[in-house]
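**Student:** Just one file: entry.cif, with mmCIF, N, CA and C atoms.
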data_target
#
loop_
_atom_site.group_PDB
_atom_site.id
_atom_site.type_symbol
_atom_site.label_atom_id
_atom_site.label_comp_id
_atom_site.auth_asym_id
_atom_site.auth_seq_id
_atom_site.Cartn_x
_atom_site.Cartn_y
_atom_site.Cartn_z
ATOM 1 N N MET A 1 0.852 -1.186 0.000
ATOM 2 C CA MET A 1 0.000 0.000 0.000
ATOM 3 C C MET A 1 0.882 1.228 0.000
ATOM 4 N N SER A 2 0.624 2.144 -0.893
ATOM 5 C CA SER A 2 1.409 3.363 -1.022
ATOM 6 C C SER A 2 1.026 4.339 0.076
ATOM 7 N N MET A 3 2.039 4.994 0.627
ATOM 8 C CA MET A 3 1.810 5.963 1.692
ATOM 9 C C MET A 3 1.716 7.383 1.130
ATOM 10 N N LEU A 4 1.817 7.553 -0.174
ATOM 11 C CA LEU A 4 1.749 8.869 -0.784
ATOM 12 C C LEU A 4 0.302 9.299 -0.947
ATOM 13 N N PRO A 5 0.006 10.582 -0.714
ATOM 14 C CA PRO A 5 -1.363 11.052 -0.912
ATOM 15 C C PRO A 5 -1.675 11.113 -2.404
ATOM 16 N N PRO A 6 -2.949 11.021 -2.760
ATOM 17 C CA PRO A 6 -3.305 11.114 -4.175
ATOM 18 C C PRO A 6 -2.961 12.492 -4.721
ATOM 19 N N SER A 7 -2.615 12.532 -5.979
ATOM 20 C CA SER A 7 -2.304 13.809 -6.620
ATOM 21 C C SER A 7 -3.598 14.582 -6.834
ATOM 22 N N PRO A 8 -3.509 15.920 -7.031
ATOM 23 C CA PRO A 8 -4.730 16.712 -7.235
ATOM 24 C C PRO A 8 -5.544 16.246 -8.440
ATOM 25 N N SER A 9 -4.893 15.683 -9.436
ATOM 26 C CA SER A 9 -5.638 15.231 -10.613
ATOM 27 C C SER A 9 -6.297 13.876 -10.374
ATOM 28 N N GLY A 10 -5.964 13.261 -9.252
ATOM 29 C CA GLY A 10 -6.530 11.951 -8.980
ATOM 30 C C GLY A 10 -5.696 10.830 -9.555
ATOM 31 N N ARG A 11 -4.616 11.178 -10.267
ATOM 32 C CA ARG A 11 -3.730 10.186 -10.853
ATOM 33 C C ARG A 11 -2.339 10.431 -10.299
ATOM 34 N N GLY A 12 -1.591 9.435 -10.183
ATOM 35 C CA GLY A 12 -0.225 9.601 -9.701
ATOM 36 C C GLY A 12 0.158 8.452 -8.819
ATOM 37 N N PRO A 13 1.281 8.611 -8.112
ATOM 38 C CA PRO A 13 1.775 7.493 -7.326
ATOM 39 C C PRO A 13 0.856 7.079 -6.199
ATOM 40 N N GLY A 14 0.089 8.028 -5.638
ATOM 41 C CA GLY A 14 -0.756 7.685 -4.511
ATOM 42 C C GLY A 14 -2.178 7.360 -4.899
ATOM 43 N N SER A 15 -2.524 7.465 -6.143
ATOM 44 C CA SER A 15 -3.904 7.208 -6.552
ATOM 45 C C SER A 15 -4.083 5.728 -6.884
ATOM 46 N N PRO A 16 -5.264 5.224 -6.692
ATOM 47 C CA PRO A 16 -5.483 3.812 -7.004
ATOM 48 C C PRO A 16 -5.377 3.573 -8.506
ATOM 49 N N ASP A 17 -4.885 2.430 -8.856
ATOM 50 C CA ASP A 17 -4.743 2.076 -10.275
ATOM 51 C C ASP A 17 -5.990 1.330 -10.699
ATOM 52 N N ASN A 18 -6.817 2.003 -11.512
ATOM 53 C CA ASN A 18 -8.040 1.364 -11.966
ATOM 54 C C ASN A 18 -7.908 0.863 -13.398
ATOM 55 N N GLY A 19 -6.677 0.910 -13.961
ATOM 56 C CA GLY A 19 -6.455 0.406 -15.307
ATOM 57 C C GLY A 19 -6.730 1.434 -16.389
ATOM 58 N N ASP A 20 -7.298 2.564 -16.029
ATOM 59 C CA ASP A 20 -7.576 3.619 -17.003
ATOM 60 C C ASP A 20 -6.389 4.566 -17.022
ATOM 61 N N ASN A 21 -5.781 4.729 -18.192
ATOM 62 C CA ASN A 21 -4.628 5.612 -18.269
ATOM 63 C C ASN A 21 -5.035 7.056 -18.513
ATOM 64 N N GLY A 22 -6.302 7.364 -18.601
ATOM 65 C CA GLY A 22 -6.791 8.719 -18.733
ATOM 66 C C GLY A 22 -6.819 9.233 -20.156
ATOM 67 N N ASP A 23 -6.313 8.470 -21.114
ATOM 68 C CA ASP A 23 -6.331 8.905 -22.507
ATOM 69 C C ASP A 23 -7.699 8.611 -23.101
ATOM 70 N N ALA A 24 -8.189 9.561 -23.882
ATOM 71 C CA ALA A 24 -9.477 9.366 -24.535
ATOM 72 C C ALA A 24 -9.342 8.487 -25.770
ATOM 73 N N ARG A 25 -8.111 8.467 -26.366
ATOM 74 C CA ARG A 25 -7.893 7.696 -27.589
ATOM 75 C C ARG A 25 -7.106 6.432 -27.272
ATOM 76 N N PRO A 26 -7.362 5.383 -27.981
ATOM 77 C CA PRO A 26 -6.522 4.192 -27.828
ATOM 78 C C PRO A 26 -5.116 4.496 -28.324
ATOM 79 N N THR A 27 -4.134 3.790 -27.802
ATOM 80 C CA THR A 27 -2.740 4.070 -28.140
ATOM 81 C C THR A 27 -2.435 3.829 -29.616
ATOM 82 N N GLU A 28 -3.155 2.949 -30.291
ATOM 83 C CA GLU A 28 -2.849 2.707 -31.707
ATOM 84 C C GLU A 28 -3.257 3.879 -32.591
ATOM 85 N N ASP A 29 -4.070 4.808 -32.085
ATOM 86 C CA ASP A 29 -4.475 5.975 -32.857
ATOM 87 C C ASP A 29 -3.512 7.145 -32.699
ATOM 88 N N LEU A 30 -2.549 7.051 -31.786
ATOM 89 C CA LEU A 30 -1.621 8.150 -31.583
ATOM 90 C C LEU A 30 -0.677 8.260 -32.776
ATOM 91 N N PRO A 31 -0.465 9.475 -33.268
ATOM 92 C CA PRO A 31 0.430 9.636 -34.419
ATOM 93 C C PRO A 31 1.882 9.422 -34.005
ATOM 94 N N THR A 32 2.656 8.867 -34.905
ATOM 95 C CA THR A 32 4.076 8.718 -34.629
ATOM 96 C C THR A 32 4.783 9.961 -35.151
ATOM 97 N N LEU A 33 5.690 10.482 -34.364
ATOM 98 C CA LEU A 33 6.441 11.659 -34.765
ATOM 99 C C LEU A 33 7.498 11.267 -35.784
ATOM 100 N N LEU A 34 7.595 12.043 -36.845
ATOM 101 C CA LEU A 34 8.634 11.806 -37.829
ATOM 102 C C LEU A 34 9.973 12.239 -37.250
ATOM 103 N N ARG A 35 11.005 11.492 -37.579
ATOM 104 C CA ARG A 35 12.349 11.806 -37.096
ATOM 105 C C ARG A 35 13.104 12.533 -38.199
ATOM 106 N N TYR A 36 13.854 13.539 -37.801
ATOM 107 C CA TYR A 36 14.671 14.306 -38.735
ATOM 108 C C TYR A 36 16.124 14.224 -38.310
ATOM 109 N N ARG A 37 16.990 14.190 -39.299
ATOM 110 C CA ARG A 37 18.426 14.113 -39.062
ATOM 111 C C ARG A 37 19.026 15.493 -39.283
ATOM 112 N N VAL A 38 19.843 15.956 -38.320
ATOM 113 C CA VAL A 38 20.597 17.190 -38.466
ATOM 114 C C VAL A 38 21.953 16.804 -39.055
ATOM 115 N N VAL A 39 22.280 17.374 -40.212
ATOM 116 C CA VAL A 39 23.501 17.018 -40.930
ATOM 117 C C VAL A 39 24.439 18.224 -40.950
ATOM 118 N N LEU A 40 25.659 18.007 -40.497
ATOM 119 C CA LEU A 40 26.700 19.038 -40.517
ATOM 120 C C LEU A 40 27.459 18.923 -41.826
ATOM 121 N N HIS A 41 27.645 20.060 -42.518
ATOM 122 C CA HIS A 41 28.355 20.081 -43.795
ATOM 123 C C HIS A 41 29.711 20.757 -43.620
ATOM 124 N N ARG A 42 30.666 20.330 -44.422
ATOM 125 C CA ARG A 42 31.995 20.933 -44.381
ATOM 126 C C ARG A 42 31.946 22.317 -45.016
ATOM 127 N N VAL A 43 32.607 23.249 -44.343
ATOM 128 C CA VAL A 43 32.744 24.596 -44.873
ATOM 129 C C VAL A 43 34.238 24.864 -45.005
ATOM 130 N N ALA A 44 34.686 25.156 -46.220
ATOM 131 C CA ALA A 44 36.105 25.401 -46.458
ATOM 132 C C ALA A 44 36.556 26.624 -45.662
ATOM 133 N N GLY A 45 37.726 26.529 -45.082
ATOM 134 C CA GLY A 45 38.292 27.644 -44.337
ATOM 135 C C GLY A 45 37.814 27.737 -42.904
ATOM 136 N N GLN A 46 36.989 26.815 -42.455
ATOM 137 C CA GLN A 46 36.489 26.826 -41.082
ATOM 138 C C GLN A 46 37.487 26.078 -40.192
ATOM 139 N N GLY A 47 37.818 26.648 -39.058
ATOM 140 C CA GLY A 47 38.733 25.987 -38.138
ATOM 141 C C GLY A 47 38.128 24.701 -37.606
ATOM 142 N N LEU A 48 38.899 23.621 -37.677
ATOM 143 C CA LEU A 48 38.375 22.322 -37.250
ATOM 144 C C LEU A 48 38.068 22.289 -35.760
ATOM 145 N N LEU A 49 38.926 22.886 -34.960
ATOM 146 C CA LEU A 49 38.664 22.883 -33.520
ATOM 147 C C LEU A 49 37.453 23.728 -33.168
ATOM 148 N N MET A 50 37.190 24.779 -33.948
ATOM 149 C CA MET A 50 36.000 25.588 -33.717
ATOM 150 C C MET A 50 34.740 24.761 -33.985
ATOM 151 N N VAL A 51 34.787 23.905 -34.993
ATOM 152 C CA VAL A 51 33.651 23.038 -35.304
ATOM 153 C C VAL A 51 33.390 22.083 -34.138
ATOM 154 N N ALA A 52 34.454 21.437 -33.639
ATOM 155 C CA ALA A 52 34.309 20.498 -32.524
ATOM 156 C C ALA A 52 33.833 21.207 -31.262
ATOM 157 N N THR A 53 34.362 22.395 -31.004
ATOM 158 C CA THR A 53 33.952 23.149 -29.813
ATOM 159 C C THR A 53 32.480 23.542 -29.899
ATOM 160 N N ALA A 54 32.054 24.015 -31.068
ATOM 161 C CA ALA A 54 30.651 24.393 -31.239
ATOM 162 C C ALA A 54 29.739 23.185 -31.054
ATOM 163 N N MET A 55 30.167 22.029 -31.565
ATOM 164 C CA MET A 55 29.353 20.824 -31.423
ATOM 165 C C MET A 55 29.236 20.412 -29.957
ATOM 166 N N ARG A 56 30.311 20.544 -29.204
ATOM 167 C CA ARG A 56 30.259 20.208 -27.775
ATOM 168 C C ARG A 56 29.366 21.171 -27.016
ATOM 169 N N GLU A 57 29.366 22.445 -27.420
ATOM 170 C CA GLU A 57 28.537 23.440 -26.735
ATOM 171 C C GLU A 57 27.054 23.237 -27.018
ATOM 172 N N LEU A 58 26.720 22.797 -28.211
ATOM 173 C CA LEU A 58 25.314 22.691 -28.609
ATOM 174 C C LEU A 58 24.697 21.321 -28.360
ATOM 175 N N THR A 59 25.519 20.298 -28.245
ATOM 176 C CA THR A 59 25.013 18.949 -28.002
ATOM 177 C C THR A 59 25.595 18.432 -26.702
ATOM 178 N N ARG A 60 25.265 17.224 -26.359
ATOM 179 C CA ARG A 60 25.807 16.597 -25.153
ATOM 180 C C ARG A 60 27.025 15.736 -25.467
ATOM 181 N N TYR A 61 27.600 15.929 -26.638
ATOM 182 C CA TYR A 61 28.744 15.113 -27.031
ATOM 183 C C TYR A 61 29.978 15.478 -26.227
ATOM 184 N N GLY A 62 30.741 14.450 -25.902
ATOM 185 C CA GLY A 62 32.035 14.666 -25.277
ATOM 186 C C GLY A 62 33.060 15.018 -26.335
ATOM 187 N N GLU A 63 34.289 15.209 -25.903
ATOM 188 C CA GLU A 63 35.340 15.631 -26.822
ATOM 189 C C GLU A 63 35.580 14.614 -27.928
ATOM 190 N N ALA A 64 35.639 13.328 -27.582
ATOM 191 C CA ALA A 64 35.935 12.294 -28.571
ATOM 192 C C ALA A 64 34.829 12.209 -29.631
ATOM 193 N N GLU A 65 33.571 12.235 -29.213
ATOM 194 C CA GLU A 65 32.461 12.140 -30.165
ATOM 195 C C GLU A 65 32.401 13.377 -31.062
ATOM 196 N N ALA A 66 32.595 14.559 -30.480
ATOM 197 C CA ALA A 66 32.582 15.788 -31.269
ATOM 198 C C ALA A 66 33.718 15.790 -32.291
ATOM 199 N N MET A 67 34.890 15.326 -31.891
ATOM 200 C CA MET A 67 36.029 15.262 -32.816
ATOM 201 C C MET A 67 35.754 14.248 -33.926
ATOM 202 N N SER A 68 35.142 13.125 -33.589
ATOM 203 C CA SER A 68 34.825 12.108 -34.584
ATOM 204 C C SER A 68 33.865 12.661 -35.640
ATOM 205 N N ARG A 69 32.819 13.350 -35.195
ATOM 206 C CA ARG A 69 31.848 13.933 -36.136
ATOM 207 C C ARG A 69 32.508 15.043 -36.964
ATOM 208 N N MET A 70 33.377 15.817 -36.338
ATOM 209 C CA MET A 70 34.083 16.881 -37.051
ATOM 210 C C MET A 70 34.956 16.302 -38.157
ATOM 211 N N TRP A 71 35.716 15.224 -37.844
ATOM 212 C CA TRP A 71 36.571 14.600 -38.849
ATOM 213 C C TRP A 71 35.746 13.952 -39.959
ATOM 214 N N GLN A 72 34.608 13.355 -39.593
ATOM 215 C CA GLN A 72 33.738 12.763 -40.604
ATOM 216 C C GLN A 72 33.248 13.830 -41.581
ATOM 217 N N ALA A 73 32.824 14.979 -41.067
ATOM 218 C CA ALA A 73 32.378 16.066 -41.936
ATOM 219 C C ALA A 73 33.532 16.591 -42.781
ATOM 220 N N HIS A 74 34.711 16.645 -42.204
ATOM 221 C CA HIS A 74 35.879 17.151 -42.924
ATOM 222 C C HIS A 74 36.264 16.228 -44.089
ATOM 223 N N HIS A 75 36.257 14.927 -43.851
ATOM 224 C CA HIS A 75 36.705 13.978 -44.873
ATOM 225 C C HIS A 75 35.636 13.626 -45.907
ATOM 226 N N THR A 76 34.393 13.519 -45.469
ATOM 227 C CA THR A 76 33.333 13.086 -46.395
ATOM 228 C C THR A 76 32.442 14.230 -46.868
ATOM 229 N N GLY A 77 32.557 15.386 -46.250
ATOM 230 C CA GLY A 77 31.734 16.528 -46.645
ATOM 231 C C GLY A 77 30.470 16.684 -45.834
ATOM 232 N N ARG A 78 30.129 15.675 -45.043
ATOM 233 C CA ARG A 78 28.928 15.750 -44.211
ATOM 234 C C ARG A 78 29.010 14.744 -43.073
ATOM 235 N N ALA A 79 28.324 15.054 -41.987
ATOM 236 C CA ALA A 79 28.259 14.147 -40.838
ATOM 237 C C ALA A 79 26.894 14.286 -40.185
ATOM 238 N N SER A 80 26.291 13.174 -39.855
ATOM 239 C CA SER A 80 25.017 13.175 -39.138
ATOM 240 C C SER A 80 25.295 13.525 -37.678
ATOM 241 N N VAL A 81 24.663 14.580 -37.207
ATOM 242 C CA VAL A 81 24.895 15.033 -35.833
ATOM 243 C C VAL A 81 23.938 14.324 -34.882
ATOM 244 N N LEU A 82 22.640 14.334 -35.197
ATOM 245 C CA LEU A 82 21.652 13.681 -34.341
ATOM 246 C C LEU A 82 20.349 13.521 -35.081
ATOM 247 N N GLU A 83 19.453 12.721 -34.507
ATOM 248 C CA GLU A 83 18.094 12.534 -35.024
ATOM 249 C C GLU A 83 17.113 12.907 -33.933
ATOM 250 N N THR A 84 16.100 13.685 -34.293
ATOM 251 C CA THR A 84 15.109 14.127 -33.323
ATOM 252 C C THR A 84 13.853 14.570 -34.064
ATOM 253 N N HIS A 85 12.878 15.087 -33.332
ATOM 254 C CA HIS A 85 11.651 15.561 -33.965
ATOM 255 C C HIS A 85 11.901 16.920 -34.633
ATOM 256 N N LEU A 86 10.986 17.354 -35.458
ATOM 257 C CA LEU A 86 11.186 18.508 -36.344
ATOM 258 C C LEU A 86 11.539 19.798 -35.606
ATOM 259 N N GLU A 87 10.784 20.145 -34.582
ATOM 260 C CA GLU A 87 11.010 21.420 -33.916
ATOM 261 C C GLU A 87 12.391 21.481 -33.277
ATOM 262 N N ARG A 88 12.793 20.409 -32.647
ATOM 263 C CA ARG A 88 14.109 20.382 -32.012
ATOM 264 C C ARG A 88 15.215 20.398 -33.071
ATOM 265 N N ALA A 89 15.009 19.696 -34.167
ATOM 266 C CA ALA A 89 15.993 19.692 -35.250
ATOM 267 C C ALA A 89 16.149 21.087 -35.846
ATOM 268 N N GLU A 90 15.039 21.788 -36.031
ATOM 269 C CA GLU A 90 15.108 23.159 -36.542
ATOM 270 C C GLU A 90 15.863 24.065 -35.578
ATOM 271 N N LEU A 91 15.661 23.874 -34.288
ATOM 272 C CA LEU A 91 16.388 24.653 -33.290
ATOM 273 C C LEU A 91 17.888 24.406 -33.400
ATOM 274 N N TYR A 92 18.288 23.144 -33.546
ATOM 275 C CA TYR A 92 19.710 22.832 -33.694
ATOM 276 C C TYR A 92 20.291 23.480 -34.942
ATOM 277 N N VAL A 93 19.556 23.462 -36.052
ATOM 278 C CA VAL A 93 20.045 24.083 -37.287
ATOM 279 C C VAL A 93 20.268 25.581 -37.062
ATOM 280 N N GLU A 94 19.331 26.243 -36.405
ATOM 281 C CA GLU A 94 19.484 27.668 -36.112
ATOM 282 C C GLU A 94 20.683 27.934 -35.217
ATOM 283 N N GLN A 95 20.884 27.080 -34.201
ATOM 284 C CA GLN A 95 22.008 27.278 -33.283
ATOM 285 C C GLN A 95 23.344 27.046 -33.976
ATOM 286 N N PHE A 96 23.428 26.019 -34.820
ATOM 287 C CA PHE A 96 24.661 25.781 -35.565
ATOM 288 C C PHE A 96 24.927 26.922 -36.542
ATOM 289 N N THR A 97 23.882 27.446 -37.168
ATOM 290 C CA THR A 97 24.038 28.571 -38.091
ATOM 291 C C THR A 97 24.554 29.800 -37.349
ATOM 292 N N ALA A 98 24.053 30.044 -36.138
ATOM 293 C CA ALA A 98 24.524 31.175 -35.340
ATOM 294 C C ALA A 98 26.011 31.038 -34.993
ATOM 295 N N LYS A 99 26.511 29.809 -34.937
ATOM 296 C CA LYS A 99 27.932 29.563 -34.659
ATOM 297 C C LYS A 99 28.768 29.599 -35.940
ATOM 298 N N GLY A 100 28.122 29.803 -37.089
ATOM 299 C CA GLY A 100 28.838 29.885 -38.350
ATOM 300 C C GLY A 100 29.032 28.555 -39.052
ATOM 301 N N LEU A 101 28.277 27.542 -38.657
ATOM 302 C CA LEU A 101 28.387 26.219 -39.264
ATOM 303 C C LEU A 101 27.186 25.964 -40.171
ATOM 304 N N HIS A 102 27.430 25.290 -41.274
ATOM 305 C CA HIS A 102 26.343 24.988 -42.215
ATOM 306 C C HIS A 102 25.764 23.615 -41.872
ATOM 307 N N THR A 103 24.475 23.580 -41.560
ATOM 308 C CA THR A 103 23.775 22.335 -41.267
ATOM 309 C C THR A 103 22.496 22.300 -42.082
ATOM 310 N N SER A 104 21.936 21.126 -42.215
ATOM 311 C CA SER A 104 20.664 20.959 -42.916
ATOM 312 C C SER A 104 19.859 19.863 -42.240
ATOM 313 N N LEU A 105 18.603 19.767 -42.635
ATOM 314 C CA LEU A 105 17.699 18.728 -42.127
ATOM 315 C C LEU A 105 17.382 17.767 -43.233
ATOM 316 N N GLU A 106 17.249 16.499 -42.870
ATOM 317 C CA GLU A 106 16.726 15.518 -43.812
ATOM 318 C C GLU A 106 15.895 14.527 -43.026
ATOM 319 N N LEU A 107 14.929 13.946 -43.706
ATOM 320 C CA LEU A 107 14.059 12.969 -43.076
ATOM 321 C C LEU A 107 14.875 11.727 -42.750
ATOM 322 N N ALA A 108 14.805 11.270 -41.520
ATOM 323 C CA ALA A 108 15.603 10.110 -41.095
ATOM 324 C C ALA A 108 14.968 8.811 -41.533
#
Rewrite the coordinates I just gave you, this time as structure tokens.

**Tutor:**
Amino acid sequence: MSMLPPSPSGRGPGSPDNGDNGDARPTEDLPTLLRYRVVLHRVAGQGLLMVATAMRELTRYGEAEAMSRMWQAHHTGRASVLETHLERAELYVEQFTAKGLHTSLELA
């Protein structure tokens, strides 16, 4: 028996579990979010360490991962940075652009 009081909405850790998840729609009707890939492109004349530093500042990548993506973009012309939903991907593109890096979106 839980010792937590019920939440104000009546749902939560202290509320009884009656099997109703509170959703009006069945789970099979929920739309799936499309995933988008943020792609970093090589820009001639851009400092390589600046690219890695910007990637570390904008993502949760450590030094090794940021350097790996930087070298991939340098050698192949492009590197996949991450996959996420559209709004977040657009935010990353804007942030990379503000740092002077060329990025684009593509459907994952």

**Student:** When the PyMOL selection byres ((chain A and resi 89-99) around 8) is applied to the structure above, which residues does it catch, written out as a PyMOL selection string?

**Tutor:** chain A and resi 36-39+50+54-55+58+82-88+100-105

**Student:** One number please: atom N of Arg60 of chain A to atom C of Val81 of chain A, in Å, one decimal.

**Tutor:**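 Distance reported for this atom pair: 9.1 Å.
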
**Student:** How many Å lie between atom CA of Gly77 of chain A and atom CA of Leu33 of chain A, rounded to one decimal?

**Tutor:**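 Atom-to-atom, atom CA of Gly77 of chain A to atom CA of Leu33 of chain A, that is 28.4 Å.
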
**Student:** At what distance in Å, to one decimal, does atom C of Thr32 of chain A lie from atom CA of Arg56 of chain A?

**Tutor:**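 Computing it gives 28.4 Å between the two atoms.
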
**Student:** Just checking: using all atoms listed in the file, which residue out of A:Leu40, A:Leu34, A:Leu48, A:Ala108 ends up closest to Met67 of chain A?

**Tutor:**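 Nearest candidate to Met67 of chain A out of A:Leu40, A:Leu34, A:Leu48, A:Ala108: A:Leu48.
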
**Student:** Using only N, CA and C atoms, which of A:Glu106, A:His41, A:Leu49, A:Arg35 sits nearest Thr76 of chain A?

**Tutor:**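 Using only N, CA and C atoms, Thr76 of chain A sits closest to A:His41.
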
**Student:** Output, as lines of an AutoDock Vina configuration file, the centre and edge lengths in Å (one decimal) of the axis-aligned box that contains all listed atoms of segment 38-54 of chain A with 3 Å of margin on each side.

**Tutor:**
center_x = 29.4
center_y = 21.8
center_z = -38.1
size_x = 25.1
size_y = 17.8
size_z = 22.6
